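So this one's structure.txt, compact mmCIF, C-alpha atoms:
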# COMPACT_ATOMS: atom_id res chain seq x y z
CA GLY A 1 17.44 12.21 20.07
CA ASN A 2 15.05 9.27 20.16
CA SER A 3 16.12 5.90 21.49
CA VAL A 4 14.61 2.52 22.37
CA THR A 5 16.08 0.07 24.84
CA GLN A 6 14.99 -3.57 24.95
CA MET A 7 15.85 -6.22 27.47
CA GLU A 8 18.91 -8.24 26.63
CA GLY A 9 18.32 -11.59 25.01
CA PRO A 10 18.22 -14.28 24.07
CA VAL A 11 15.13 -15.41 25.95
CA THR A 12 14.48 -19.14 26.15
CA LEU A 13 11.13 -20.44 27.41
CA SER A 14 9.17 -23.66 27.54
CA GLU A 15 5.88 -23.88 25.68
CA GLU A 16 2.95 -22.35 27.61
CA ALA A 17 5.24 -20.17 29.73
CA PHE A 18 4.51 -16.48 30.35
CA LEU A 19 6.50 -14.02 28.26
CA THR A 20 7.60 -10.49 29.06
CA ILE A 21 10.01 -8.50 26.90
CA ASN A 22 10.79 -5.11 28.40
CA CYS A 23 11.00 -1.99 26.26
CA THR A 24 11.65 1.57 27.37
CA TYR A 25 12.03 4.64 25.22
CA THR A 26 13.33 8.18 25.13
CA ALA A 27 11.55 10.66 22.89
CA THR A 28 10.09 14.13 22.99
CA GLY A 29 6.38 14.66 22.69
CA TYR A 30 4.02 11.76 22.09
CA PRO A 31 5.56 9.10 19.87
CA SER A 32 3.70 6.14 18.43
CA LEU A 33 5.02 2.80 19.67
CA PHE A 34 5.27 -0.55 17.91
CA TRP A 35 6.29 -4.13 18.30
CA TYR A 36 7.55 -5.82 15.14
CA VAL A 37 8.36 -9.54 14.84
CA GLN A 38 10.84 -11.15 12.44
CA TYR A 39 10.55 -14.89 11.84
CA PRO A 40 13.61 -16.74 10.48
CA GLY A 41 14.26 -15.92 6.83
CA GLU A 42 11.55 -13.29 6.64
CA GLY A 43 11.06 -9.54 6.82
CA LEU A 44 9.52 -7.70 9.74
CA GLN A 45 5.80 -7.91 10.48
CA LEU A 46 3.87 -5.46 12.57
CA LEU A 47 2.71 -7.29 15.70
CA LEU A 48 0.90 -4.47 17.50
CA LYS A 49 0.97 -0.72 18.01
CA ALA A 50 -0.24 2.05 20.32
CA THR A 51 -0.47 5.70 19.41
CA LYS A 52 -1.27 7.44 22.70
CA ALA A 53 -0.74 7.08 26.41
CA ASP A 54 -2.63 4.21 28.11
CA ASP A 55 -3.51 2.62 24.76
CA LYS A 56 -3.20 -1.16 24.75
CA GLY A 57 -2.16 -2.83 21.53
CA SER A 58 -2.98 -6.51 21.12
CA ASN A 59 -2.67 -9.20 18.45
CA LYS A 60 -2.28 -13.01 18.38
CA GLY A 61 -2.37 -13.16 22.20
CA PHE A 62 0.37 -10.56 22.59
CA GLU A 63 -0.30 -7.31 24.44
CA ALA A 64 1.57 -4.10 25.24
CA THR A 65 0.40 -0.95 27.04
CA TYR A 66 1.76 2.53 26.31
CA ARG A 67 2.90 3.86 29.69
CA LYS A 68 3.98 7.46 29.40
CA GLU A 69 4.77 7.83 33.11
CA THR A 70 7.38 5.07 32.90
CA THR A 71 8.16 5.58 29.16
CA SER A 72 7.63 1.87 28.63
CA PHE A 73 5.89 -0.47 26.18
CA HIS A 74 6.52 -3.98 27.52
CA LEU A 75 5.41 -6.95 25.42
CA GLU A 76 3.54 -9.79 27.17
CA LYS A 77 1.95 -13.08 26.23
CA GLY A 78 0.28 -15.41 28.66
CA SER A 79 1.19 -18.72 27.01
CA VAL A 80 3.87 -18.90 24.33
CA GLN A 81 4.04 -21.48 21.57
CA VAL A 82 6.97 -22.93 19.64
CA SER A 83 5.74 -20.94 16.64
CA ASP A 84 6.39 -17.68 18.55
CA SER A 85 10.14 -18.26 18.25
CA ALA A 86 11.41 -15.16 16.45
CA VAL A 87 13.18 -11.85 16.94
CA TYR A 88 11.06 -9.10 18.47
CA PHE A 89 11.78 -5.40 17.88
CA CYS A 90 10.31 -2.51 19.84
CA ALA A 91 10.17 0.72 17.83
CA LEU A 92 8.88 4.27 17.88
CA THR A 93 8.12 7.10 15.49
CA GLN A 94 7.14 10.71 15.92
CA GLY A 95 4.41 12.60 14.13
CA ALA A 96 4.60 15.35 11.55
CA GLY A 97 6.93 18.16 12.53
CA GLY A 98 9.23 15.89 14.47
CA THR A 99 12.76 15.41 13.23
CA SER A 100 12.16 11.68 12.86
CA TYR A 101 8.97 11.96 10.76
CA GLY A 102 8.83 8.96 8.44
CA LYS A 103 11.53 7.17 10.43
CA LEU A 104 11.35 4.27 12.84
CA THR A 105 13.75 4.10 15.77
CA PHE A 106 14.30 0.43 16.65
CA GLY A 107 15.50 -1.28 19.78
CA GLN A 108 18.29 -3.80 19.38
CA GLY A 109 15.91 -6.77 19.15
CA THR A 110 15.26 -9.70 21.47
CA ILE A 111 15.65 -13.28 20.25
CA LEU A 112 12.95 -15.56 21.66
CA THR A 113 13.27 -19.34 21.51
CA VAL A 114 10.38 -21.50 22.73
CA HIS A 115 11.02 -25.20 23.37
CA PRO A 116 8.30 -27.88 23.30
CA ASP B 1 2.15 -13.93 2.08
CA THR B 2 3.81 -10.54 2.14
CA GLU B 3 2.22 -7.74 0.11
CA VAL B 4 5.60 -6.20 -0.62
CA THR B 5 7.52 -8.33 -3.11
CA GLN B 6 11.29 -8.19 -3.40
CA THR B 7 13.47 -9.77 -6.06
CA PRO B 8 15.81 -11.50 -6.13
CA LYS B 9 15.66 -13.37 -2.82
CA HIS B 10 19.40 -13.99 -2.90
CA LEU B 11 22.18 -12.21 -4.78
CA VAL B 12 25.92 -12.84 -4.91
CA MET B 13 28.00 -10.19 -6.64
CA GLY B 14 31.61 -9.26 -7.06
CA MET B 15 33.01 -5.90 -6.10
CA THR B 16 33.15 -4.75 -9.72
CA ASN B 17 29.63 -5.84 -10.67
CA LYS B 18 26.55 -3.72 -11.17
CA LYS B 19 23.25 -5.17 -10.01
CA SER B 20 19.80 -3.97 -8.99
CA LEU B 21 17.35 -4.93 -6.28
CA LYS B 22 13.66 -4.59 -7.03
CA CYS B 23 10.64 -3.99 -4.85
CA GLU B 24 6.96 -3.86 -5.77
CA GLN B 25 3.76 -3.15 -3.86
CA HIS B 26 0.16 -2.89 -5.03
CA MET B 27 -1.46 -1.53 -1.88
CA GLY B 28 -1.64 2.04 -3.19
CA HIS B 29 1.00 3.15 -0.71
CA ARG B 30 2.76 6.42 -1.52
CA ALA B 31 5.84 6.04 0.69
CA MET B 32 8.52 3.42 0.06
CA TYR B 33 11.67 2.64 2.01
CA TRP B 34 14.98 0.82 1.77
CA TYR B 35 16.51 -0.63 4.92
CA LYS B 36 19.75 -2.54 5.47
CA GLN B 37 19.88 -5.24 8.15
CA LYS B 38 23.02 -6.94 9.40
CA ALA B 39 22.78 -10.23 11.26
CA LYS B 40 21.34 -9.98 14.75
CA LYS B 41 20.82 -6.22 14.39
CA PRO B 42 17.79 -4.00 13.82
CA PRO B 43 17.16 -2.59 10.34
CA GLU B 44 18.93 0.66 9.45
CA LEU B 45 17.09 3.17 7.28
CA MET B 46 18.79 4.02 3.98
CA PHE B 47 16.30 5.91 1.78
CA VAL B 48 12.68 7.04 1.82
CA TYR B 49 10.57 8.02 -1.17
CA SER B 50 7.33 9.93 -0.72
CA TYR B 51 5.08 10.38 -3.75
CA GLU B 52 7.94 9.18 -5.96
CA LYS B 53 10.34 11.85 -4.71
CA LEU B 54 13.38 11.13 -2.56
CA SER B 55 12.47 12.41 0.88
CA ILE B 56 15.17 10.98 3.13
CA ASN B 57 18.75 9.88 2.39
CA GLU B 58 20.50 8.73 5.52
CA SER B 59 23.95 9.68 4.21
CA VAL B 60 24.24 6.45 2.28
CA PRO B 61 27.40 5.98 0.13
CA SER B 62 26.93 6.76 -3.56
CA ARG B 63 27.60 3.13 -4.52
CA PHE B 64 23.95 2.67 -3.54
CA SER B 65 21.57 4.49 -5.89
CA PRO B 66 17.81 4.39 -5.34
CA GLU B 67 15.18 4.88 -8.01
CA CYS B 68 11.40 5.11 -7.84
CA PRO B 69 10.05 4.73 -11.41
CA ASN B 70 6.41 4.88 -10.26
CA SER B 71 4.34 4.67 -7.11
CA SER B 72 4.42 0.85 -7.07
CA LEU B 73 8.08 0.21 -7.80
CA LEU B 74 11.31 0.88 -5.98
CA ASN B 75 14.78 -0.10 -7.15
CA LEU B 76 18.17 -0.04 -5.51
CA HIS B 77 21.08 0.06 -7.95
CA LEU B 78 24.35 -1.35 -6.66
CA HIS B 79 27.82 -0.62 -8.01
CA ALA B 80 31.34 -1.22 -6.71
CA LEU B 81 30.14 -2.62 -3.41
CA GLN B 82 32.41 -3.72 -0.60
CA PRO B 83 32.27 -7.02 1.32
CA GLU B 84 30.97 -5.12 4.38
CA ASP B 85 27.87 -4.24 2.33
CA SER B 86 26.78 -7.86 2.58
CA ALA B 87 23.46 -7.81 4.44
CA LEU B 88 19.72 -8.34 4.15
CA TYR B 89 18.16 -5.46 2.21
CA LEU B 90 14.56 -4.84 3.16
CA CYS B 91 11.99 -2.83 1.25
CA ALA B 92 8.95 -1.42 3.01
CA SER B 93 5.94 0.70 2.16
CA SER B 94 3.33 2.74 4.01
CA GLN B 95 0.29 4.80 3.11
CA ASP B 96 2.35 7.95 3.59
CA LEU B 97 5.09 9.28 5.86
CA ASP B 98 2.74 9.29 8.86
CA ILE B 99 3.88 5.83 9.91
CA GLY B 100 2.29 6.29 13.32
CA GLY B 101 -1.08 6.14 11.61
CA SER B 102 -0.20 3.76 8.78
CA PRO B 103 2.61 1.42 9.82
CA LEU B 104 5.25 -0.02 7.57
CA HIS B 105 4.71 -3.20 5.57
CA PHE B 106 8.00 -5.01 4.95
CA GLY B 107 9.03 -7.38 2.20
CA ASN B 108 11.02 -10.52 2.94
CA GLY B 109 14.23 -8.96 1.75
CA THR B 110 17.12 -9.70 -0.59
CA ARG B 111 20.07 -11.49 0.99
CA LEU B 112 23.11 -9.85 -0.62
CA THR B 113 26.62 -11.31 -0.50
CA VAL B 114 29.51 -9.27 -1.89
CA THR B 115 32.60 -11.32 -2.72

Once more with this new file: its structure as structure tokens, please.
Amino acid sequence: GNSVTQMEGPVTLSEEAFLTINCTYTATGYPSLFWYVQYPGEGLQLLLKATKADDKGSNKGFEATYRKETTSFHLEKGSVQVSDSAVYFCALTQGAGGTSYGKLTFGQGTILTVHP
Amino acid sequence: DTEVTQTPKHLVMGMTNKKSLKCEQHMGHRAMYWYKQKAKKPPELMFVYSYEKLSINESVPSRFSPECPNSSLLNLHLHALQPEDSALYLCASSQDLDIGGSPLHFGNGTRLTVT
């Protein structure tokens, strides 16, 4: 079946530090890949996505590249802010015909805390 | 502001109570979802409606009963819950089941406590 593995957290950084959160996946075919972010007391928000190999998703200074050869979708940001403190989830879904159509498979989440 | 609205924000109920969670979206989406999220864990899919028909039931206990009265509304009826059902219940919607092309939009959830 499908699975997503994220780096263990929590991650604690100082403001303006470089961020990497690793994400690797197992899936058949060509899944679509996502990063969702959950701020305290809120639901999940889509941060970025990529739907095919070598696509780069980007939003709010965050980037992730779909690497099929390494089955990875690592999240990066060059300079984090205190307001980026949140839980980050890597996720995947398969297209029509796949057994997980309409379903998201989530990683376990990574808690990020950014200090001033 | 989220475009998926959930009410109530917080709910405390006893094990013999009956209550309902409500979810509304006005984005014209035709797929709607219920997820359950325990603290420090990812969301777990419970139910999916597509074009107002139940499409996916992830073997959820019958004390949880979903309802989709129309394309904009989704309810989750609760009866005889257990304390371990305490969690954040998230509603989401998407254009259709092709969530690779049209990703999920989540509400802010209902924090449920079962006493």

* Compute the set of chain B residues within 9 Å of chain A, using only C-alpha atoms, and express it as a ChimeraX atom specification. => /B:2,31,40-45,48,56,90-91,96-101,103-109

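Pairwise distance (atom CA of Gly57 of chain A, atom CA of Val114 of chain A) equals 22.5 Å.
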
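Non-sequential neighbours of Thr115 of chain B (distance at most 8 Å, separation of 3 or more positions within a chain, only C-alpha atoms) are Val12, Met13, Gly14, Met15, Gln82 and Pro83 of chain B.
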
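In this model, the gap between atom CA of Lys53 of chain B and atom CA of Ala80 of chain B comes to 24.8 Å.
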
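Compared by their closest atoms to Leu74 of chain B, and using all atoms listed in the file, the residues B:Leu21, B:Lys38, B:Ala87, B:Val60 rank with B:Leu21 nearest.
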
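With distances restricted to all atoms listed in the file, A:Thr24 is the closest residue to Arg67 of chain A from A:Asn2, A:Ser14, A:Thr113, A:Thr24.
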
* Structure fact -> Pairwise distance, atom CA of Val82 of chain A with atom CA of Gln6 of chain A, equals 21.6 Å

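The smallest atom-to-atom distance between Arg30 of chain B and any of B:Leu76, B:Cys68, B:Val114, B:Met46, using all atoms listed in the file, is found for B:Cys68.
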
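Applying the 10 Å criterion to (12.3, -0.5, -7.9) in file coordinates and using only C-alpha atoms, one obtains the residues B:Gln6, B:Thr7, B:Ser20, B:Leu21, B:Lys22, B:Cys23, B:Glu24, B:Gln25, B:Met32, B:Pro66, B:Glu67, B:Cys68, B:Pro69, B:Asn70, B:Ser71, B:Ser72, B:Leu73, B:Leu74, B:Asn75, B:Leu76, B:His77, B:Cys91.
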